[in-house]
file query_31.txt (compact mmCIF, C-alpha atoms)
# COMPACT_ATOMS: atom_id res chain seq x y z
CA MET A 1 0.00 0.00 0.00
CA ARG A 2 1.35 3.39 -0.98
CA HIS A 3 0.92 6.27 1.48
CA ILE A 4 0.50 9.81 0.10
CA MET A 5 0.26 12.56 2.71
CA VAL A 6 -0.99 16.14 2.26
CA LEU A 7 0.77 18.11 4.95
CA ASN A 8 1.43 21.65 6.14
CA ALA A 9 1.44 22.91 9.71
CA LYS A 10 -0.27 26.10 8.51
CA GLY A 11 -4.04 25.75 8.73
CA GLY A 12 -6.40 26.82 5.97
CA CYS A 13 -4.02 26.10 3.08
CA GLY A 14 -6.33 23.66 1.29
CA LYS A 15 -5.03 20.31 2.52
CA SER A 16 -8.46 18.68 2.47
CA THR A 17 -9.17 19.93 -1.04
CA LEU A 18 -5.91 18.43 -2.31
CA ALA A 19 -6.37 15.20 -0.37
CA THR A 20 -9.92 14.55 -1.63
CA ASN A 21 -8.95 15.33 -5.21
CA ILE A 22 -5.84 13.13 -5.08
CA ALA A 23 -8.00 10.32 -3.69
CA SER A 24 -10.61 10.75 -6.41
CA TYR A 25 -7.93 10.91 -9.11
CA PHE A 26 -6.49 7.53 -8.17
CA ALA A 27 -9.98 6.08 -7.73
CA THR A 28 -10.83 7.09 -11.30
CA GLN A 29 -7.65 5.28 -12.39
CA ASP A 30 -9.10 2.00 -11.03
CA ALA A 31 -6.94 1.95 -7.89
CA ALA A 32 -8.35 0.77 -4.56
CA VAL A 33 -8.21 3.98 -2.53
CA ALA A 34 -8.67 4.93 1.12
CA LEU A 35 -8.75 8.45 2.59
CA ALA A 36 -7.55 8.96 6.17
CA ASP A 37 -8.94 12.17 7.68
CA TYR A 38 -6.92 13.50 10.63
CA ASP A 39 -8.98 16.69 10.93
CA PRO A 40 -11.57 16.55 13.76
CA GLN A 41 -13.76 18.78 11.57
CA ARG A 42 -14.16 15.72 9.31
CA SER A 43 -13.89 17.59 6.01
CA GLY A 44 -12.69 14.49 4.17
CA LEU A 45 -15.20 12.14 5.76
CA ASP A 46 -18.05 14.59 5.12
CA TRP A 47 -16.98 14.66 1.46
CA LEU A 48 -17.07 10.87 1.35
CA ALA A 49 -20.55 10.86 2.91
CA ARG A 50 -21.77 12.89 -0.08
CA ARG A 51 -20.09 10.67 -2.65
CA PRO A 52 -22.55 9.12 -5.14
CA GLU A 53 -22.84 5.35 -5.19
CA ASN A 54 -22.18 5.24 -8.94
CA ARG A 55 -18.68 6.70 -8.52
CA PRO A 56 -15.54 4.66 -7.76
CA ALA A 57 -15.58 3.75 -4.09
CA ILE A 58 -13.15 5.36 -1.63
CA ALA A 59 -12.88 3.96 1.89
CA GLY A 60 -12.91 6.43 4.77
CA VAL A 61 -10.65 6.25 7.82
CA ALA A 62 -11.18 8.44 10.89
CA GLY A 63 -7.51 9.17 11.44
CA PHE A 64 -8.23 11.79 14.12
CA LYS A 65 -9.84 9.04 16.17
CA ASP A 66 -8.19 5.74 15.26
CA GLY A 67 -4.98 6.70 13.47
CA LEU A 68 -4.38 4.26 10.62
CA ARG A 69 -5.29 1.12 12.53
CA LYS A 70 -8.55 0.71 10.61
CA ALA A 71 -7.15 1.49 7.17
CA PRO A 72 -8.17 -1.29 4.74
CA ARG A 73 -5.25 -3.61 4.06
CA ASN A 74 -6.29 -4.20 0.47
CA ALA A 75 -5.99 -0.53 -0.55
CA ASP A 76 -3.50 0.33 -3.28
CA ILE A 77 -3.35 4.00 -2.28
CA LEU A 78 -3.88 5.56 1.15
CA VAL A 79 -4.24 9.35 1.02
CA ILE A 80 -3.65 11.00 4.39
CA ASP A 81 -5.16 14.42 5.11
CA ALA A 82 -2.79 15.44 7.91
CA PRO A 83 -3.74 17.78 10.76
CA ALA A 84 -2.61 21.38 10.98
CA ARG A 85 -0.18 22.62 13.64
CA SER A 86 1.90 19.42 13.53
CA HIS A 87 5.39 19.95 14.92
CA GLY A 88 8.11 18.12 16.82
CA ALA A 89 7.41 14.54 17.82
CA GLU A 90 3.90 14.63 16.33
CA LEU A 91 5.28 15.67 12.95
CA ALA A 92 7.98 12.99 13.04
CA ASP A 93 5.35 10.38 13.91
CA LEU A 94 3.10 11.47 11.04
CA VAL A 95 5.94 11.37 8.51
CA LYS A 96 6.64 7.76 9.48
CA HIS A 97 3.42 6.86 7.67
CA ALA A 98 4.27 8.51 4.34
CA GLU A 99 6.36 7.76 1.29
CA THR A 100 5.12 10.81 -0.62
CA ILE A 101 4.30 14.22 0.88
CA VAL A 102 2.54 17.10 -0.87
CA VAL A 103 2.73 20.54 0.79
CA PRO A 104 0.15 23.10 -0.42
CA VAL A 105 1.04 26.78 -0.03
CA LEU A 106 -1.29 29.76 -0.40
CA PRO A 107 -0.31 33.04 -2.07
CA SER A 108 0.11 35.16 1.05
CA THR A 109 3.10 36.54 2.90
CA ILE A 110 1.97 34.87 6.13
CA ASP A 111 1.67 31.47 4.46
CA MET A 112 5.04 31.76 2.76
CA GLN A 113 6.77 32.72 6.02
CA ALA A 114 5.05 29.90 7.91
CA THR A 115 5.94 27.40 5.17
CA THR A 116 9.60 28.43 5.26
CA THR A 117 9.75 27.48 8.94
CA PHE A 118 7.74 24.31 8.34
CA LEU A 119 9.86 23.08 5.43
CA ASP A 120 13.03 23.64 7.45
CA GLU A 121 11.57 21.50 10.23
CA LEU A 122 10.28 18.89 7.79
CA LYS A 123 13.67 18.52 6.12
CA GLY A 124 15.15 17.75 9.53
CA VAL A 125 12.78 14.85 10.21
CA GLY A 126 14.75 11.62 10.08
CA LYS A 127 12.76 9.92 7.34
CA ILE A 128 13.03 12.97 5.07
CA ALA A 129 16.71 13.55 5.83
CA LYS A 130 17.41 9.91 4.93
CA LYS A 131 15.46 10.31 1.67
CA GLN A 132 12.99 7.63 2.72
CA ALA A 133 10.11 9.91 1.70
CA LYS A 134 9.79 12.44 -1.11
CA VAL A 135 8.36 15.96 -0.71
CA ALA A 136 6.91 18.41 -3.24
CA VAL A 137 5.21 21.78 -2.93
CA VAL A 138 2.10 23.02 -4.74
CA ALA A 139 0.93 26.61 -5.14
CA ASN A 140 -2.74 26.51 -4.17
CA ARG A 141 -5.71 28.82 -4.81
CA VAL A 142 -3.69 31.14 -7.00
CA ARG A 143 -4.84 33.98 -9.20
CA GLU A 144 -2.54 34.46 -12.13
CA ASN A 145 -1.29 37.91 -13.09
CA THR A 146 -1.25 39.11 -9.50
CA LEU A 147 1.79 40.37 -7.63
CA ILE A 148 1.31 37.99 -4.72
CA TYR A 149 1.18 34.99 -7.08
CA ASP A 150 4.40 36.20 -8.69
CA ASP A 151 5.93 36.34 -5.19
CA LEU A 152 4.69 32.84 -4.38
CA ASP A 153 5.93 31.45 -7.69
CA GLU A 154 9.38 32.92 -7.09
CA TYR A 155 9.41 31.71 -3.48
CA LEU A 156 8.49 28.12 -4.36
CA THR A 157 10.96 28.05 -7.24
CA LYS A 158 13.72 28.80 -4.73
CA ALA A 159 12.43 26.52 -1.96
CA ARG A 160 14.86 23.62 -2.69
CA VAL A 161 11.91 21.27 -2.82
CA PRO A 162 10.31 20.11 -6.08
CA TYR A 163 7.67 22.66 -7.11
CA VAL A 164 5.29 20.60 -9.18
CA ALA A 165 2.07 22.53 -9.82
CA ALA A 166 0.10 25.74 -9.43
CA LEU A 167 -3.66 25.33 -8.95
CA ARG A 168 -6.05 28.20 -9.50
CA GLU A 169 -8.79 29.39 -7.18
CA ALA A 170 -11.96 28.11 -8.84
CA GLN A 171 -15.60 27.43 -8.03
CA ASN A 172 -15.15 23.97 -9.54
CA TYR A 173 -13.56 22.81 -6.30
CA VAL A 174 -16.65 23.92 -4.39
CA ARG A 175 -18.92 22.27 -6.95
CA ALA A 176 -16.98 19.02 -6.70
CA TYR A 177 -16.71 18.96 -2.91
CA THR A 178 -20.41 19.58 -2.28
CA ARG A 179 -21.26 16.62 -4.53
CA GLY A 180 -18.68 14.23 -3.11
CA LEU A 181 -16.72 14.36 -6.36
CA GLY A 182 -13.20 15.21 -7.43
CA ILE A 183 -12.24 17.80 -10.00
CA PHE A 184 -11.61 14.95 -12.47
CA GLU A 185 -15.21 13.80 -12.15
CA LEU A 186 -16.76 17.08 -13.27
CA PRO A 187 -17.80 17.53 -16.92
CA GLU A 188 -14.95 18.34 -19.28
CA TYR A 189 -16.57 21.56 -20.49
CA LEU A 190 -16.43 22.86 -16.90
CA ALA A 191 -13.19 21.45 -15.56
CA TRP A 192 -10.73 21.15 -18.45
CA PRO A 193 -8.62 24.14 -17.27
CA ASP A 194 -8.27 22.51 -13.86
CA TRP A 195 -7.39 19.14 -15.39
CA GLU A 196 -4.56 20.83 -17.26
CA GLU A 197 -3.28 22.47 -14.07
CA TRP A 198 -3.36 19.14 -12.23
CA GLU A 199 -1.45 17.23 -14.91
CA PRO A 200 2.05 18.15 -13.59
CA LEU A 201 1.02 17.04 -10.08
CA THR A 202 -0.57 13.76 -11.16
CA ALA A 203 2.41 13.07 -13.44
CA TRP A 204 4.76 13.59 -10.48
CA LEU A 205 2.63 11.35 -8.26
CA ARG A 206 2.73 8.62 -10.92
CA SER A 207 6.49 8.93 -11.39
CA LYS A 208 9.33 7.23 -9.55
CA ARG A 209 10.53 10.71 -8.54
CA SER A 210 7.71 10.88 -6.01
CA GLN A 211 8.67 7.63 -4.29
CA PRO A 212 11.71 6.71 -2.19

call {"tool": "encode", "arguments": {"input": "query_31.txt", "output": "structure tokens"}}
result
Amino acid sequence: MRHIMVLNAKGGCGKSTLATNIASYFATQDAAVALADYDPQRSGLDWLARRPENRPAIAGVAGFKDGLRKAPRNADILVIDAPARSHGAELADLVKHAETIVVPVLPSTIDMQATTTFLDELKGVGKIAKKQAKVAVVANRVRENTLIYDDLDEYLTKARVPYVAALREAQNYVRAYTRGLGIFELPEYLAWPDWEEWEPLTAWLRSKRSQP
């Protein structure tokens, strides 16, 4: 079973949106997928509760309650929506469960400063330092042709971590979430720009570069 974690200590950066969409992507690729939700607000599990029965099944795991003990053993992919404010021993313990880590970053000065501190701490975690897990960053909820996006793009380019995608702020994510769907399950006429933006991220996730 492959473990993909969406992680950033900064709250509100879109971890649950990325986690649910990564889970739905692999489910649409005929993988057996589980989603572990470590957020007590249950954003991921609430999304699964809305998921239509005619869509590829995704198993839900209440990570905030049971950790990964109840994760289905037959899953090909386990996507972990990690909690915010994870530091120190808690962060090191979380990283033990991941081979691939995706860090979303918002276009704001506060988020960039917080992510600088977080990435420095993450790089010092034993499993990362030993290259037993791979990390990439994603610019999230961006608006192109804005100064703050230009700042974020420059910041992530220099972050010494693979910068694999920039995802726009779009109502399609709201449309998908409220229906229990992923961005890849919306009609092409609505979501094709988002599919194009996701391609570098899904290509990285499929590649050997994203795995130790």

call {"tool": "residues_around", "arguments": {"input": "query_31.txt", "residues": "segment 50-58 of chain A", "least_positions_apart": "5", "cutoff": "6 Å", "atoms": "all atoms listed in the file", "output": "ChimeraX atom specification"}}
result
/A:27,33-34,179-180

call {"tool": "residues_around", "arguments": {"input": "query_31.txt", "residues": "segment 123-136 of chain A", "least_positions_apart": "2", "cutoff": "7 Å", "atoms": "all atoms listed in the file", "output": "PyMOL selection string"}}
result
chain A and resi 92+96+98-103+119-121+138+161-164+210-212

call {"tool": "closest_residue", "arguments": {"input": "query_31.txt", "among": "A:Arg143, A:Val137, A:Phe26, A:Ile148", "to": "Arg160 of chain A", "atoms": "only C-alpha atoms"}}
result
A:Val137

call {"tool": "axis_aligned_box", "arguments": {"input": "query_31.txt", "around": "segment 146-162 of chain A", "padding_each_side": "4 Å", "output": "lines of an AutoDock Vina configuration file"}}
result
center_x = 6.8
center_y = 30.2
center_z = -5.7
size_x = 24.1
size_y = 28.3
size_z = 15.5

call {"tool": "atom_distance", "arguments": {"input": "query_31.txt", "atom1": "atom CA of Lys10 of chain A", "atom2": "atom CA of Ser86 of chain A"}}
result
8.6 Å

call {"tool": "atom_distance", "arguments": {"input": "query_31.txt", "atom1": "atom CA of Lys15 of chain A", "atom2": "atom CA of Leu190 of chain A"}}
result
22.7 Å

call {"tool": "closest_residue", "arguments": {"input": "query_31.txt", "among": "A:Pro40, A:Trp47, A:Ala31, A:Pro83", "to": "Gly182 of chain A", "atoms": "only C-alpha atoms"}}
result
A:Trp47

call {"tool": "closest_residue", "arguments": {"input": "query_31.txt", "among": "A:Thr109, A:Glu188, A:Leu91, A:Met5", "to": "Leu18 of chain A", "atoms": "all atoms listed in the file"}}
result
A:Met5

call {"tool": "atom_distance", "arguments": {"input": "query_31.txt", "atom1": "atom CA of Asn8 of chain A", "atom2": "atom CA of Ala165 of chain A"}}
result
16.0 Å

call {"tool": "closest_residue", "arguments": {"input": "query_31.txt", "among": "A:Gln29, A:Gln41, A:Thr178, A:Thr20", "to": "Gly60 of chain A", "atoms": "all atoms listed in the file"}}
result
A:Thr20

call {"tool": "residues_around", "arguments": {"input": "query_31.txt", "residues": "Leu106 of chain A", "least_positions_apart": "5", "cutoff": "12 Å", "atoms": "all atoms listed in the file", "output": "PyMOL selection string"}}
result
chain A and resi 8+10-15+111-115+137-143+148-153+155-156+166-169

call {"tool": "closest_residue", "arguments": {"input": "query_31.txt", "among": "A:Ala36, A:Val61, A:Ile110, A:Ala49", "to": "Val79 of chain A", "atoms": "all atoms listed in the file"}}
result
A:Ala36

call {"tool": "closest_residue", "arguments": {"input": "query_31.txt", "among": "A:Asn21, A:Ser207, A:Asn74, A:Thr116", "to": "Leu181 of chain A", "atoms": "only C-alpha atoms"}}
result
A:Asn21

call {"tool": "build_atoms", "arguments": {"input": "query_31.txt", "residues": "segment 179-211 of chain A", "atoms": "N, CA and C atoms", "output": "PDB file, in the coordinates of the input"}}
result
ATOM      1  N   ARG A 179     -20.629  17.796  -3.926  1.00  0.00           N
ATOM      2  CA  ARG A 179     -21.260  16.620  -4.530  1.00  0.00           C
ATOM      3  C   ARG A 179     -20.515  15.326  -4.213  1.00  0.00           C
ATOM      4  N   GLY A 180     -19.468  15.418  -3.411  1.00  0.00           N
ATOM      5  CA  GLY A 180     -18.680  14.230  -3.110  1.00  0.00           C
ATOM      6  C   GLY A 180     -17.840  13.758  -4.278  1.00  0.00           C
ATOM      7  N   LEU A 181     -17.486  14.690  -5.167  1.00  0.00           N
ATOM      8  CA  LEU A 181     -16.720  14.360  -6.360  1.00  0.00           C
ATOM      9  C   LEU A 181     -15.339  14.994  -6.309  1.00  0.00           C
ATOM     10  N   GLY A 182     -14.479  14.561  -7.213  1.00  0.00           N
ATOM     11  CA  GLY A 182     -13.200  15.210  -7.430  1.00  0.00           C
ATOM     12  C   GLY A 182     -13.268  16.065  -8.675  1.00  0.00           C
ATOM     13  N   ILE A 183     -12.280  16.896  -8.850  1.00  0.00           N
ATOM     14  CA  ILE A 183     -12.240  17.800 -10.000  1.00  0.00           C
ATOM     15  C   ILE A 183     -12.221  17.013 -11.313  1.00  0.00           C
ATOM     16  N   PHE A 184     -11.697  15.784 -11.261  1.00  0.00           N
ATOM     17  CA  PHE A 184     -11.610  14.950 -12.470  1.00  0.00           C
ATOM     18  C   PHE A 184     -12.941  14.318 -12.835  1.00  0.00           C
ATOM     19  N   GLU A 185     -13.905  14.411 -11.924  1.00  0.00           N
ATOM     20  CA  GLU A 185     -15.210  13.800 -12.150  1.00  0.00           C
ATOM     21  C   GLU A 185     -16.264  14.813 -12.595  1.00  0.00           C
ATOM     22  N   LEU A 186     -15.863  16.071 -12.727  1.00  0.00           N
ATOM     23  CA  LEU A 186     -16.760  17.080 -13.270  1.00  0.00           C
ATOM     24  C   LEU A 186     -16.746  17.011 -14.796  1.00  0.00           C
ATOM     25  N   PRO A 187     -17.772  17.553 -15.453  1.00  0.00           N
ATOM     26  CA  PRO A 187     -17.800  17.530 -16.920  1.00  0.00           C
ATOM     27  C   PRO A 187     -16.598  18.267 -17.526  1.00  0.00           C
ATOM     28  N   GLU A 188     -16.130  17.751 -18.640  1.00  0.00           N
ATOM     29  CA  GLU A 188     -14.950  18.340 -19.280  1.00  0.00           C
ATOM     30  C   GLU A 188     -15.149  19.810 -19.625  1.00  0.00           C
ATOM     31  N   TYR A 189     -16.350  20.170 -20.074  1.00  0.00           N
ATOM     32  CA  TYR A 189     -16.570  21.560 -20.490  1.00  0.00           C
ATOM     33  C   TYR A 189     -16.416  22.533 -19.322  1.00  0.00           C
ATOM     34  N   LEU A 190     -16.609  22.034 -18.085  1.00  0.00           N
ATOM     35  CA  LEU A 190     -16.430  22.860 -16.900  1.00  0.00           C
ATOM     36  C   LEU A 190     -14.990  22.835 -16.386  1.00  0.00           C
ATOM     37  N   ALA A 191     -14.403  21.655 -16.357  1.00  0.00           N
ATOM     38  CA  ALA A 191     -13.190  21.450 -15.560  1.00  0.00           C
ATOM     39  C   ALA A 191     -11.908  21.293 -16.359  1.00  0.00           C
ATOM     40  N   TRP A 192     -11.955  21.405 -17.694  1.00  0.00           N
ATOM     41  CA  TRP A 192     -10.730  21.150 -18.450  1.00  0.00           C
ATOM     42  C   TRP A 192      -9.564  22.057 -18.052  1.00  0.00           C
ATOM     43  N   PRO A 193      -9.790  23.346 -17.698  1.00  0.00           N
ATOM     44  CA  PRO A 193      -8.620  24.140 -17.270  1.00  0.00           C
ATOM     45  C   PRO A 193      -7.981  23.598 -16.009  1.00  0.00           C
ATOM     46  N   ASP A 194      -8.811  23.069 -15.097  1.00  0.00           N
ATOM     47  CA  ASP A 194      -8.270  22.510 -13.860  1.00  0.00           C
ATOM     48  C   ASP A 194      -7.560  21.185 -14.127  1.00  0.00           C
ATOM     49  N   TRP A 195      -8.088  20.385 -15.033  1.00  0.00           N
ATOM     50  CA  TRP A 195      -7.390  19.140 -15.390  1.00  0.00           C
ATOM     51  C   TRP A 195      -5.999  19.450 -15.911  1.00  0.00           C
ATOM     52  N   GLU A 196      -5.871  20.478 -16.732  1.00  0.00           N
ATOM     53  CA  GLU A 196      -4.560  20.830 -17.260  1.00  0.00           C
ATOM     54  C   GLU A 196      -3.606  21.268 -16.147  1.00  0.00           C
ATOM     55  N   GLU A 197      -4.130  22.023 -15.173  1.00  0.00           N
ATOM     56  CA  GLU A 197      -3.280  22.470 -14.070  1.00  0.00           C
ATOM     57  C   GLU A 197      -2.846  21.307 -13.177  1.00  0.00           C
ATOM     58  N   TRP A 198      -3.685  20.296 -13.062  1.00  0.00           N
ATOM     59  CA  TRP A 198      -3.360  19.140 -12.230  1.00  0.00           C
ATOM     60  C   TRP A 198      -2.382  18.180 -12.892  1.00  0.00           C
ATOM     61  N   GLU A 199      -2.261  18.222 -14.203  1.00  0.00           N
ATOM     62  CA  GLU A 199      -1.450  17.230 -14.910  1.00  0.00           C
ATOM     63  C   GLU A 199      -0.013  17.147 -14.388  1.00  0.00           C
ATOM     64  N   PRO A 200       0.685  18.279 -14.121  1.00  0.00           N
ATOM     65  CA  PRO A 200       2.050  18.150 -13.590  1.00  0.00           C
ATOM     66  C   PRO A 200       2.084  17.447 -12.227  1.00  0.00           C
ATOM     67  N   LEU A 201       1.060  17.690 -11.390  1.00  0.00           N
ATOM     68  CA  LEU A 201       1.020  17.040 -10.080  1.00  0.00           C
ATOM     69  C   LEU A 201       0.731  15.556 -10.209  1.00  0.00           C
ATOM     70  N   THR A 202      -0.267  15.188 -11.010  1.00  0.00           N
ATOM     71  CA  THR A 202      -0.570  13.760 -11.160  1.00  0.00           C
ATOM     72  C   THR A 202       0.568  13.025 -11.857  1.00  0.00           C
ATOM     73  N   ALA A 203       1.246  13.699 -12.791  1.00  0.00           N
ATOM     74  CA  ALA A 203       2.410  13.070 -13.440  1.00  0.00           C
ATOM     75  C   ALA A 203       3.509  12.820 -12.432  1.00  0.00           C
ATOM     76  N   TRP A 204       3.745  13.780 -11.529  1.00  0.00           N
ATOM     77  CA  TRP A 204       4.760  13.590 -10.480  1.00  0.00           C
ATOM     78  C   TRP A 204       4.362  12.454  -9.553  1.00  0.00           C
ATOM     79  N   LEU A 205       3.090  12.411  -9.163  1.00  0.00           N
ATOM     80  CA  LEU A 205       2.630  11.350  -8.260  1.00  0.00           C
ATOM     81  C   LEU A 205       2.744   9.969  -8.905  1.00  0.00           C
ATOM     82  N   ARG A 206       2.599   9.910 -10.223  1.00  0.00           N
ATOM     83  CA  ARG A 206       2.730   8.620 -10.920  1.00  0.00           C
ATOM     84  C   ARG A 206       4.189   8.226 -11.137  1.00  0.00           C
ATOM     85  N   SER A 207       5.089   9.177 -11.020  1.00  0.00           N
ATOM     86  CA  SER A 207       6.490   8.930 -11.390  1.00  0.00           C
ATOM     87  C   SER A 207       7.277   8.333 -10.223  1.00  0.00           C
ATOM     88  N   LYS A 208       8.425   7.755 -10.581  1.00  0.00           N
ATOM     89  CA  LYS A 208       9.330   7.230  -9.550  1.00  0.00           C
ATOM     90  C   LYS A 208       9.945   8.352  -8.724  1.00  0.00           C
ATOM     91  N   ARG A 209       9.961   9.572  -9.273  1.00  0.00           N
ATOM     92  CA  ARG A 209      10.530  10.710  -8.540  1.00  0.00           C
ATOM     93  C   ARG A 209       9.773  11.028  -7.267  1.00  0.00           C
ATOM     94  N   SER A 210       8.515  10.595  -7.182  1.00  0.00           N
ATOM     95  CA  SER A 210       7.710  10.880  -6.010  1.00  0.00           C
ATOM     96  C   SER A 210       7.770   9.785  -4.944  1.00  0.00           C
ATOM     97  N   GLN A 211       8.586   8.764  -5.215  1.00  0.00           N
ATOM     98  CA  GLN A 211       8.670   7.630  -4.290  1.00  0.00           C
ATOM     99  C   GLN A 211      10.125   7.367  -3.891  1.00  0.00           C
TER     100      GLN A 211
END
